[in-house]
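J.: To be precise about what I am sending: the file is called entry.cif and holds mmCIF, C-alpha atoms and all ligand atoms.
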```cif
data_query
#
loop_
_atom_site.label_atom_id
_atom_site.label_comp_id
_atom_site.auth_asym_id
_atom_site.auth_seq_id
_atom_site.Cartn_x
_atom_site.Cartn_y
_atom_site.Cartn_z
CA MET A 25 85.43 99.44 72.78
CA GLU A 26 83.90 99.94 76.22
CA THR A 27 84.79 102.78 78.59
CA ILE A 28 87.89 102.30 80.75
CA LEU A 29 88.85 103.70 84.15
CA LEU A 30 92.51 103.66 85.16
CA LEU A 31 92.73 103.70 88.96
CA ALA A 32 96.00 104.88 90.47
CA HIS A 33 97.14 106.04 93.88
CA THR A 34 99.97 108.51 94.24
CA GLU A 35 103.26 107.90 96.05
CA PRO A 36 104.52 109.95 99.02
CA ASP A 37 106.09 112.46 96.56
CA GLY A 38 102.70 112.97 94.90
CA ALA A 39 103.71 111.32 91.61
CA LEU A 40 102.71 108.04 90.01
CA ALA A 41 105.02 105.05 90.33
CA LYS A 42 106.05 102.73 87.49
CA PRO A 43 103.26 100.13 88.01
CA ALA A 44 100.62 102.85 87.51
CA LEU A 45 102.33 104.02 84.30
CA GLU A 46 102.47 100.41 83.06
CA CYS A 47 98.72 100.16 83.65
CA LEU A 48 98.21 103.32 81.63
CA THR A 49 99.98 101.68 78.69
CA ALA A 50 97.72 98.64 79.10
CA ALA A 51 94.59 100.81 79.22
CA LEU A 52 95.66 102.59 76.03
CA VAL A 53 96.24 99.23 74.31
CA LEU A 54 92.52 98.51 74.74
CA GLY A 55 91.73 101.80 73.06
CA GLY A 56 88.34 102.70 74.61
CA PRO A 57 87.38 106.13 76.00
CA LEU A 58 89.65 106.55 79.03
CA THR A 59 89.05 108.17 82.42
CA VAL A 60 91.86 108.44 84.96
CA GLY A 61 90.93 108.15 88.64
CA LEU A 62 93.57 109.36 91.11
CA VAL A 63 93.73 108.88 94.88
CA GLY A 64 96.16 110.61 97.24
CA ALA A 65 96.76 113.51 99.58
CA ARG A 66 97.44 115.67 96.53
CA VAL A 67 97.30 114.60 92.89
CA GLU A 68 98.44 117.63 90.85
CA ALA A 69 101.91 116.17 90.14
CA ALA A 70 100.43 112.83 89.10
CA ALA A 71 97.85 114.46 86.81
CA SER A 72 100.55 116.61 85.14
CA GLN A 73 102.74 113.54 84.72
CA ILE A 74 100.15 111.90 82.46
CA ALA A 75 98.28 114.97 81.20
CA GLY A 76 99.16 114.10 77.61
CA CYS A 77 97.92 110.51 77.69
CA GLY A 78 94.68 111.28 75.87
CA ALA A 79 92.32 110.57 78.78
CA ALA A 80 88.92 112.22 78.37
CA ARG A 81 88.53 112.92 82.11
CA PHE A 82 90.70 113.11 85.21
CA LEU A 83 88.83 112.41 88.46
CA ALA A 84 90.41 112.57 91.90
CA VAL A 85 89.74 111.79 95.52
CA THR A 86 92.15 113.88 97.58
CA GLY A 87 92.91 114.75 101.17
CA GLU A 88 95.14 113.61 104.02
CA PRO A 89 93.06 110.49 104.87
CA PHE A 90 93.84 109.17 101.36
CA ALA A 91 97.61 109.49 101.75
CA GLN A 92 97.83 106.35 103.86
CA PRO A 93 97.16 102.83 102.64
CA ARG A 94 94.10 101.72 104.60
CA TYR A 95 91.27 99.46 103.47
CA SER A 96 88.35 101.68 104.46
CA THR A 97 89.62 104.89 102.84
CA ASP A 98 91.13 103.17 99.78
CA ALA A 99 87.96 101.16 99.11
CA GLY A 100 85.78 104.24 99.68
CA ALA A 101 87.85 106.31 97.27
CA ALA A 102 87.94 103.59 94.59
CA GLU A 103 84.19 103.00 94.88
CA ALA A 104 83.44 106.72 94.52
CA LEU A 105 85.72 107.00 91.47
CA CYS A 106 84.20 103.91 89.83
CA ARG A 107 80.68 105.27 90.36
CA ALA A 108 81.64 108.74 89.07
CA ALA A 109 83.36 107.31 85.97
CA GLY A 110 80.71 104.67 85.26
CA ALA A 111 83.33 102.73 83.30
CA ALA A 112 82.82 99.12 82.24
CA ILE A 113 86.48 98.15 82.59
CA VAL A 114 88.60 99.25 85.56
CA ILE A 115 92.37 98.70 85.35
CA ALA A 116 94.63 99.17 88.37
CA PRO A 117 98.21 98.21 89.25
CA SER A 118 98.58 95.21 91.53
CA THR A 119 100.06 97.21 94.40
CA SER A 120 99.50 95.92 97.94
CA ARG A 121 97.07 98.83 98.40
CA TRP A 122 94.82 98.00 95.48
CA ALA A 123 95.18 94.23 95.88
CA ARG A 124 93.71 94.64 99.36
CA ALA A 125 90.95 97.13 98.60
CA LEU A 126 89.64 96.43 95.09
CA PRO A 127 88.10 92.96 95.55
CA GLY A 128 85.76 94.51 98.13
CA VAL A 129 84.99 97.38 95.76
CA ALA A 130 84.10 94.91 92.98
CA TYR A 131 81.65 93.28 95.40
CA ARG A 132 80.10 96.63 96.37
CA LEU A 133 79.60 97.50 92.70
CA GLY A 134 78.19 94.11 91.79
CA GLY A 135 81.08 93.61 89.38
CA ARG A 136 83.91 91.10 89.10
CA ILE A 137 87.65 91.28 89.62
CA ASP A 138 90.61 89.35 88.23
CA THR A 139 93.93 89.64 90.03
CA HIS A 140 97.50 88.98 88.86
CA ALA A 141 96.68 89.70 85.23
CA THR A 142 99.81 89.65 83.09
CA SER A 143 98.26 91.02 79.90
CA VAL A 144 95.13 92.72 78.60
CA ALA A 145 94.26 92.77 74.92
CA LEU A 146 91.30 92.91 72.56
CA GLU A 147 90.04 89.53 71.35
CA ASN A 148 87.27 89.69 68.74
CA GLY A 149 86.60 93.27 69.80
CA ALA A 150 86.21 92.45 73.51
CA PRO A 151 88.77 92.80 76.29
CA ALA A 152 90.54 89.64 77.41
CA VAL A 153 92.89 89.13 80.32
CA THR A 154 95.82 86.72 80.55
CA ARG A 155 96.84 85.23 83.87
CA TRP A 156 98.68 82.22 85.23
CA PHE A 157 97.23 79.48 87.39
CA TYR A 158 98.58 76.74 89.63
CA ARG A 159 101.81 78.49 90.64
CA GLN A 160 102.58 79.72 87.14
CA ARG A 161 102.21 76.36 85.44
CA MET A 162 99.19 77.09 83.25
CA GLU A 163 98.35 80.26 81.37
CA ALA A 164 94.74 81.17 80.60
CA VAL A 165 93.04 83.91 78.60
CA LEU A 166 89.77 85.03 80.22
CA SER A 167 86.89 87.21 79.18
CA ARG A 168 83.85 88.13 81.27
CA ARG A 169 80.36 89.45 80.65
CA GLU A 170 79.88 91.06 84.08
CA ARG A 171 80.57 94.75 84.43
CA PRO A 172 82.32 96.59 85.92
CA TRP A 173 85.18 94.22 85.33
CA MET A 174 88.14 95.18 87.50
CA ILE A 175 91.60 94.03 86.50
CA LEU A 176 94.65 94.13 88.77
CA LEU A 177 97.68 94.10 86.49
CA ASP A 178 101.00 92.65 87.70
CA SER A 179 104.01 94.90 87.42
CA GLY A 180 106.63 94.34 84.71
CA CYS A 181 104.24 93.22 81.95
CA PHE A 182 103.87 96.48 80.00
CA ALA A 183 106.33 99.29 79.28
CA PRO A 184 105.62 102.29 81.51
CA TRP A 185 103.83 105.11 79.67
CA SER A 186 105.90 108.22 79.07
CA GLU A 187 105.09 111.60 77.60
CA PRO A 188 105.88 111.32 73.86
CA SER A 189 107.68 114.67 73.73
CA GLY A 190 107.88 118.07 75.33
CA PRO A 191 107.35 119.15 78.93
CA ALA A 192 104.64 117.72 81.15
CA GLY A 193 101.25 119.38 80.63
CA THR A 194 98.42 120.16 83.00
CA ALA A 195 95.15 118.31 83.31
CA ALA A 196 91.81 119.65 84.55
CA VAL A 197 91.04 117.44 87.54
CA GLU A 198 87.43 116.96 88.69
CA PRO A 199 87.20 116.36 92.45
CA VAL A 200 85.05 113.45 93.58
CA ALA A 201 83.56 113.45 97.07
CA VAL A 202 83.65 110.36 99.23
CA SER A 203 80.93 109.81 101.76
CA ALA A 204 82.66 109.79 105.15
CA ARG A 205 83.16 106.30 106.48
CA GLU A 206 84.05 105.59 110.03
CA THR A 207 87.54 104.19 110.28
CA ARG A 208 89.20 102.76 113.36
CA THR A 209 92.57 102.27 111.68
CA THR A 210 95.37 104.76 112.16
CA VAL A 211 98.64 104.10 110.35
CA THR A 212 101.42 104.66 112.86
CA GLY A 213 104.37 103.39 110.83
CA VAL A 214 105.72 100.55 108.75
CA ARG A 215 107.31 97.44 110.19
CA ALA A 216 109.49 95.59 107.70
CA PRO A 217 111.61 92.46 108.16
CA LYS A 218 115.05 93.19 109.57
CA THR A 219 117.55 93.50 106.77
CA ASP A 220 120.74 95.48 106.67
CA GLU A 221 119.99 96.81 103.24
CA GLN A 222 117.48 96.56 100.41
CA THR A 223 118.32 93.44 98.42
CA ILE A 224 115.11 92.90 96.45
CA ARG A 225 115.20 95.03 93.31
CA PRO A 226 112.33 94.05 91.00
CA ASP A 227 113.67 96.24 88.19
CA ALA A 228 117.20 94.78 88.20
CA ASN A 229 118.56 93.23 85.02
CA LEU A 230 119.97 90.32 86.98
CA LEU A 231 118.54 88.02 89.63
CA PHE A 232 121.32 86.58 91.78
CA VAL A 233 120.19 83.50 93.65
CA ALA A 234 122.07 82.11 96.63
CA GLY A 235 121.48 78.55 97.71
CA ALA A 236 122.22 76.63 100.90
CA GLY A 237 125.65 75.58 99.54
CA TRP A 238 127.05 78.96 100.65
CA THR A 239 126.59 77.85 104.26
CA LYS A 240 127.83 74.27 103.88
CA LYS A 241 131.27 72.88 104.69
CA GLN A 242 133.62 73.55 101.83
CA SER A 243 136.58 71.52 100.49
CA ASP A 244 138.74 72.55 103.49
CA GLY A 245 136.15 71.08 105.86
CA ALA A 246 135.10 74.48 107.20
CA VAL A 247 132.06 76.76 106.78
CA HIS A 248 132.78 80.21 105.29
CA ALA A 249 129.56 82.11 105.98
CA ALA A 250 131.28 85.43 106.67
CA GLU A 251 133.11 85.36 103.34
CA ALA A 252 129.88 84.27 101.62
CA GLU A 253 128.18 87.40 102.97
CA THR A 254 130.99 89.66 101.79
CA LEU A 255 131.09 88.09 98.32
CA ILE A 256 127.32 88.18 97.82
CA LEU A 257 126.80 91.72 99.13
CA GLY A 258 129.84 92.95 97.18
CA PHE A 259 128.42 91.51 93.99
CA LEU A 260 124.89 92.82 94.62
CA ARG A 261 126.18 96.34 95.19
CA ALA A 262 128.50 96.32 92.17
CA ALA A 263 125.99 94.76 89.76
CA GLN A 264 122.86 96.29 91.32
CA ALA A 265 121.38 92.81 91.08
CA SER A 266 118.35 91.59 92.97
CA LEU A 267 118.84 88.85 95.55
CA GLY A 268 116.86 85.62 95.57
CA GLY A 269 117.34 82.63 97.83
CA SER A 270 116.48 78.95 97.87
CA LYS A 271 114.04 77.70 100.47
CA SER A 272 116.75 75.77 102.28
CA LEU A 273 118.81 78.91 102.70
CA VAL A 274 116.02 81.27 103.81
CA ASP A 275 114.76 78.65 106.26
CA LEU A 276 118.23 78.48 107.81
CA SER A 277 118.24 82.25 108.23
CA GLY A 278 114.77 82.10 109.74
CA GLU A 279 116.08 79.77 112.43
CA GLY A 280 118.39 82.56 113.54
CA GLU A 281 121.57 80.78 112.54
CA ALA A 282 124.59 82.96 111.89
CA VAL A 283 124.34 82.73 108.12
CA LEU A 284 123.63 85.36 105.47
CA ARG A 285 121.95 87.81 107.81
CA PHE A 286 120.46 89.85 104.96
CA MET A 287 118.44 86.88 103.66
CA THR A 288 114.74 86.70 104.61
CA HIS A 289 111.74 84.71 103.44
CA LEU A 290 110.92 87.63 101.16
CA ASN A 291 113.93 86.59 99.07
CA GLN A 292 112.70 83.04 98.51
CA VAL A 293 112.20 82.10 94.87
CA GLY A 294 110.17 79.06 93.87
CA GLN A 295 106.95 77.14 94.25
CA THR A 296 106.31 78.45 97.75
CA GLY A 297 108.23 81.67 97.14
CA SER A 298 108.15 84.33 94.46
CA THR A 299 108.32 84.22 90.67
CA PRO A 300 110.30 87.37 89.85
CA ARG A 301 110.75 88.80 86.37
CA HIS A 302 114.33 89.57 85.31
CA PRO A 303 116.09 89.38 81.94
CA LYS A 304 118.91 87.26 83.44
CA GLY A 305 119.45 84.99 86.41
CA LEU A 306 122.58 83.56 88.05
CA SER A 307 122.14 80.74 90.53
CA THR A 308 124.98 79.97 92.93
CA CYS A 309 125.38 77.07 95.37
CA CYS A 310 121.78 76.07 94.71
CA HIS A 311 120.90 72.61 93.50
CA GLY A 312 118.17 73.62 91.04
CA GLU A 313 115.39 71.32 92.21
CA GLU A 314 112.03 71.64 90.51
CA PRO A 315 110.22 73.41 93.41
CA HIS A 316 112.92 76.06 93.26
CA VAL A 317 113.29 76.34 89.47
CA VAL A 318 109.53 76.77 88.95
CA GLY A 319 110.10 80.29 90.35
CA TRP A 320 112.46 81.04 87.44
CA ARG A 321 109.65 80.87 84.86
CA PHE A 322 109.98 84.53 83.91
CA VAL A 323 113.78 84.71 83.97
CA ASN A 324 114.81 84.75 80.32
CA GLN A 325 118.46 83.70 80.46
CA ARG A 326 119.52 81.31 83.24
CA ARG A 327 123.03 80.48 84.39
CA ALA A 328 124.16 78.47 87.38
CA ILE A 329 127.38 77.77 89.25
CA ASN A 330 127.51 74.43 91.05
CA LEU A 331 130.25 72.00 92.04
CA ASP A 332 128.00 69.11 91.06
CA PRO A 333 127.86 68.38 87.29
CA ASN A 334 124.70 66.35 87.98
CA CYS A 335 122.81 69.11 89.78
CA GLY A 336 119.25 69.97 88.71
CA TRP A 337 120.43 72.87 86.50
CA ALA A 338 122.35 70.40 84.32
CA ARG A 339 119.07 68.74 83.38
CA GLY A 340 117.83 71.32 80.93
CA LYS A 341 116.98 73.95 83.54
CA ALA A 342 119.86 76.34 82.86
CA ASP A 343 121.19 77.75 79.59
CA VAL A 344 124.72 77.59 80.96
CA LEU A 345 126.02 75.60 83.95
CA TYR A 346 129.49 76.44 85.24
CA VAL A 347 130.77 73.38 87.11
CA ALA A 348 132.92 75.35 89.53
CA ASP A 349 133.38 76.58 93.08
CA ALA A 350 131.07 79.58 93.48
CA PHE A 351 133.38 81.11 96.10
CA GLU A 352 136.24 81.15 93.58
CA VAL A 353 134.09 82.37 90.70
CA MET A 354 132.46 85.19 92.68
CA ARG A 355 135.82 86.29 94.15
CA HIS A 356 137.09 86.64 90.58
CA VAL A 357 133.90 88.31 89.28
CA ASN A 358 133.97 90.82 92.15
CA ARG A 359 137.61 91.62 91.37
CA LEU A 360 136.63 92.29 87.74
CA LEU A 361 133.77 94.51 88.91
CA GLY A 362 136.03 96.34 91.31
CA ALA A 363 133.73 95.34 94.18
C1 LIG B 401 106.18 71.52 98.62
C2 LIG B 401 107.56 72.04 98.46
C3 LIG B 401 107.74 73.36 98.13
C4 LIG B 401 109.02 73.88 97.98
N1 LIG B 401 109.17 75.20 97.60
C5 LIG B 401 110.43 75.68 97.38
C6 LIG B 401 110.63 77.02 96.95
O1 LIG B 401 109.69 77.80 96.81
N2 LIG B 401 111.90 77.45 96.73
C7 LIG B 401 112.99 76.64 96.90
O2 LIG B 401 114.12 77.08 96.69
N3 LIG B 401 112.83 75.37 97.31
C8 LIG B 401 111.58 74.88 97.57
N4 LIG B 401 111.43 73.62 98.01
C9 LIG B 401 112.65 72.88 98.42
C10 LIG B 401 113.45 72.33 97.24
O3 LIG B 401 112.91 71.10 96.85
C11 LIG B 401 114.91 72.14 97.65
O4 LIG B 401 114.97 71.39 98.83
C12 LIG B 401 115.68 73.43 97.88
O5 LIG B 401 115.50 74.31 96.79
C13 LIG B 401 117.15 73.10 98.03
O6 LIG B 401 117.87 74.28 98.28
P1 LIG B 401 119.39 74.42 97.81
O7 LIG B 401 119.51 73.99 96.40
O8 LIG B 401 119.82 75.79 98.17
O9 LIG B 401 120.14 73.43 98.84
P2 LIG B 401 120.84 72.03 98.61
O10 LIG B 401 119.91 71.06 98.01
O11 LIG B 401 121.47 71.71 99.92
O12 LIG B 401 121.97 72.33 97.52
C14 LIG B 401 123.15 73.02 97.78
C15 LIG B 401 123.94 73.03 96.51
O13 LIG B 401 125.09 73.83 96.70
C16 LIG B 401 126.13 73.27 95.93
N5 LIG B 401 127.39 73.81 96.46
C17 LIG B 401 127.92 73.68 97.69
N6 LIG B 401 129.07 74.36 97.79
C18 LIG B 401 129.29 74.92 96.58
C19 LIG B 401 130.32 75.75 96.05
N7 LIG B 401 131.39 76.13 96.77
N8 LIG B 401 130.21 76.16 94.77
C20 LIG B 401 129.15 75.78 93.98
N9 LIG B 401 128.17 74.99 94.44
C21 LIG B 401 128.22 74.59 95.72
C22 LIG B 401 125.97 71.75 96.12
O14 LIG B 401 126.59 71.05 95.07
C23 LIG B 401 124.43 71.64 96.08
O15 LIG B 401 123.97 71.35 94.78
C24 LIG B 401 110.15 73.05 98.17
C25 LIG B 401 109.97 71.71 98.50
C26 LIG B 401 108.70 71.21 98.66
C27 LIG B 401 108.53 69.77 99.03
#
```
Using the file provided, produce a representation of the structure as structure tokens.
T.:
Amino acid sequence: METILLLAHTEPDGALAKPALECLTAALVLGGPLTVGLVGARVEAAASQIAGCGAARFLAVTGEPFAQPRYSTDAGAAEALCRAAGAAIVIAPSTSRWARALPGVAYRLGGRIDTHATSVALENGAPAVTRWFYRQRMEAVLSRRERPWMILLDSGCFAPWSEPSGPAGTAAVEPVAVSARETRTTVTGVRAPKTDEQTIRPDANLLFVAGAGWTKKQSDGAVHAAEAETLILGFLRAAQASLGGSKSLVDLSGEGEAVLRFMTHLNQVGQTGSTPRHPKGLSTCCHGEEPHVVGWRFVNQRRAINLDPNCGWARGKADVLYVADAFEVMRHVNRLLGA
């Protein structure tokens, strides 16, 4: 097997986050001689975290400029690490930082990159990458001759690596120098969409999807948006579920209407939204049309609550469809959960 470089950047606390540990598992699956390349203000905690992983070398680019996500410094650090390691295969987590910087690094090195990989494995002794095409409708297995071959691995596809037993060790880290590049970008802060609380939880066991029905007139002829908010937020807090939305619902919120104020376009699931990975999903007040349901591809068990027995979910798209009023059901569920 060819040599492998695992590229990882540290988090503000100096440690490695789950996507980096998942990549480490993937790199070990391939089985070639492994080098770990770390980037961050300080990397001691990260190196100790994975000291026992069996890597032959630990390389690091450190210093304050590498604490912030920024194309010029991230690409410079990754390029220096790739050159120092001389590895044929470079595996990195598909974080926004690496997704932005690594394609440029592949170009600088004369290599190739594949993004959104969902698996890496050995096929006839050579590495092969699995990824989806055409909005998750077709899956392909790719191999390449060009080296270095950089692979950005999507989160949630491998179990995160953990120390088999005993306390964390220490690793001898070799510093790698980066030739100073002029940068005009200073990170002054982070601007995120306005939400009252964090509702997207990629690691949650359950995806709770709200559709536009929550904001429509109900059997009494009135709209009950305020109660919908209370029921949905109550459930999310009690179940620690992640919140998804249909396009119709997030578009309504985008128009500034007084409905589900915590819902943004980031919550949208579907063809023009996201394709989250959760063991279970519960759809409520959402019709289950194909452009929405295509985003449920990686949800293993699907249930839906809809007043309409002929809704899209009834046509083979859900494992269980409860033909019921979602307001009533969620009131009852929240009572059971003590929410
Ligand atoms: C190119 C293209 C891309 C698209 N991409 C996406 C996408 O990424 N994601 C997406 O979601 N959509 C997408 N759409 C839109 C999609 O086709 C649907 O229009 C949309 O998903 C409908 O949203 P909805 O089911 O929430 O709303 P509606 O179709 O209005 O359905 C509301 C549902 O709520 C039910 N309901 C109402 N009250 C209750 C109650 N008290 N209890 C239970 N049920 C109740 C009704 O029976 C109804 O089925 C796309 C469309 C196109 C053309």
J.: What lies within 10 Å of Gln292 of chain A using all atoms listed in the file, ignoring chain neighbours under 2 positions off, as a list in words?
T.: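 Listing them by chain and then by number gives Val233, Ala234, Gly235, Leu267, Gly268, Gly269, Ser270, Lys271, Ser272, Leu273, Val274, Asp275, Met287, Thr288, His289, Leu290, Gly294, Gln295, Thr296, Gly297, Ser298, Thr299, Pro300, His316 and Gly319 of chain A.
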J.: I'd like to know which of A:Ala249, A:Ile113, A:Ala84, A:Ala236 is closest to ligand LIG 401 (chain B), using only C-alpha atoms and all ligand atoms.
T.: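 The closest residue to ligand LIG 401 (chain B) is A:Ala236.
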J.: At a cut-off of 8 Å, using all atoms listed in the file, what residues contact Ala109 of chain A? Leave out same-chain residues fewer than 2 positions from it and give the result as a ChimeraX atom specification.
T.: /A:29,59,83,105-107,111
J.: For Ala116 of chain A, which residue among A:Tyr346, A:Trp238, A:Trp173, A:Phe259 is the nearest when counting only C-alpha atoms?
T.: A:Trp173
J.: Tell me which of A:Val347, A:Val323, A:Cys181, A:Cys309 sits closest to ligand LIG 401 (chain B), counting all atoms listed in the file.
T.: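 Looking at the shortest contact to ligand LIG 401 (chain B), the residue is A:Cys309.
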J.: Quote the spacing between atom CA of Ala71 of chain A and atom CA of Gly55 of chain A in Å to one decimal place.
T.: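 Separation of atom CA of Ala71 of chain A and atom CA of Gly55 of chain A: 19.7 Å.
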J.: For segment 141-146 of chain A, find every residue with an atom within 7 Å (counting only C-alpha atoms), except residues of its own chain fewer than 6 positions away, and show them as a PDB file with C-alpha atoms, in the coordinates of the input.
T.:
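Saved result, selection-v6.pdb, follows:
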```
ATOM      1  CA  ALA A  50      97.720  98.640  79.100  1.00  0.00           C
ATOM      2  CA  VAL A  53      96.240  99.230  74.310  1.00  0.00           C
ATOM      3  CA  LEU A  54      92.520  98.510  74.740  1.00  0.00           C
ATOM      4  CA  ALA A 152      90.540  89.640  77.410  1.00  0.00           C
ATOM      5  CA  VAL A 153      92.890  89.130  80.320  1.00  0.00           C
ATOM      6  CA  THR A 154      95.820  86.720  80.550  1.00  0.00           C
ATOM      7  CA  ARG A 155      96.840  85.230  83.870  1.00  0.00           C
ATOM      8  CA  ILE A 175      91.600  94.030  86.500  1.00  0.00           C
ATOM      9  CA  LEU A 176      94.650  94.130  88.770  1.00  0.00           C
ATOM     10  CA  LEU A 177      97.680  94.100  86.490  1.00  0.00           C
ATOM     11  CA  ASP A 178     101.000  92.650  87.700  1.00  0.00           C
ATOM     12  CA  CYS A 181     104.240  93.220  81.950  1.00  0.00           C
TER      13      CYS A 181
END
```
J.: Have a look at atom CA of Val200 of chain A and atom CA of Ile74 of chain A and let me know their distance in Å, one decimal.
T.: 18.8 Å
J.: To one decimal place in Å, what is the distance between atom CA of Ala246 of chain A and atom C7 of ligand LIG 401 (chain B)?
T.: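 Distance reported for this atom pair: 24.5 Å.
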J.: Which neighbours of Trp320 of chain A fall inside 10 Å, counting all atoms listed in the file, when residues of the same chain fewer than 5 positions from it are skipped, and could you give them as a list in words?
T.: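 Counting all atoms listed in the file, the residues come to Gln160, Leu231, Val293, Gly294, Gln295, Ser298, Thr299, Pro300, Arg301, His302, Lys304, Gly305, Glu314, Pro315, Gln325, Arg326, Lys341 and Ala342 of chain A.
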J.: Of the candidates A:Val317, A:Ala123, A:Ala69, A:Leu260, which shows the shortest atom-to-atom distance to Ile224 of chain A, using all atoms listed in the file?
T.: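 Among the listed residues, the smallest separation from Ile224 of chain A belongs to A:Leu260.
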J.: Using all atoms listed in the file, which protein or nucleic acid residues come within 12 Å of Arg208 of chain A? Drop anything in the same chain fewer than 6 positions from it, and give the result as a PyMOL selection string.
T.: chain A and resi 94-97
J.: Selection from above, C-alpha atoms, as a compact mmCIF listing (two decimals), keeping the file's coordinate frame, can you write it?
T.:
```txt
# COMPACT_ATOMS: atom_id res chain seq x y z
CA ARG A 94 94.10 101.72 104.60
CA TYR A 95 91.27 99.46 103.47
CA SER A 96 88.35 101.68 104.46
CA THR A 97 89.62 104.89 102.84
```
J.: For ligand LIG 401 (chain B), which of A:Gln242, A:Gln264, A:Thr212, A:Ser307 is the closest residue, counting all atoms listed in the file?
T.: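 Of A:Gln242, A:Gln264, A:Thr212, A:Ser307, the one nearest ligand LIG 401 (chain B), counting all atoms listed in the file, is A:Gln242.
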J.: Using all atoms listed in the file, which residue out of A:Leu276, A:Val357, A:Leu52, A:Ala201 lies closest to ligand LIG 401 (chain B)?
T.: A:Leu276
J.: Which polymer residues, protein or nucleic acid, are no farther than 7 Å from (100.8, 105.7, 88.3), counting all atoms listed in the file, as a list of chain:residue names?
T.: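 Checking each residue against the 7 Å limit leaves A:Ala32, A:His33, A:Thr34, A:Leu40, A:Ala41, A:Lys42, A:Pro43, A:Ala44, A:Leu45.
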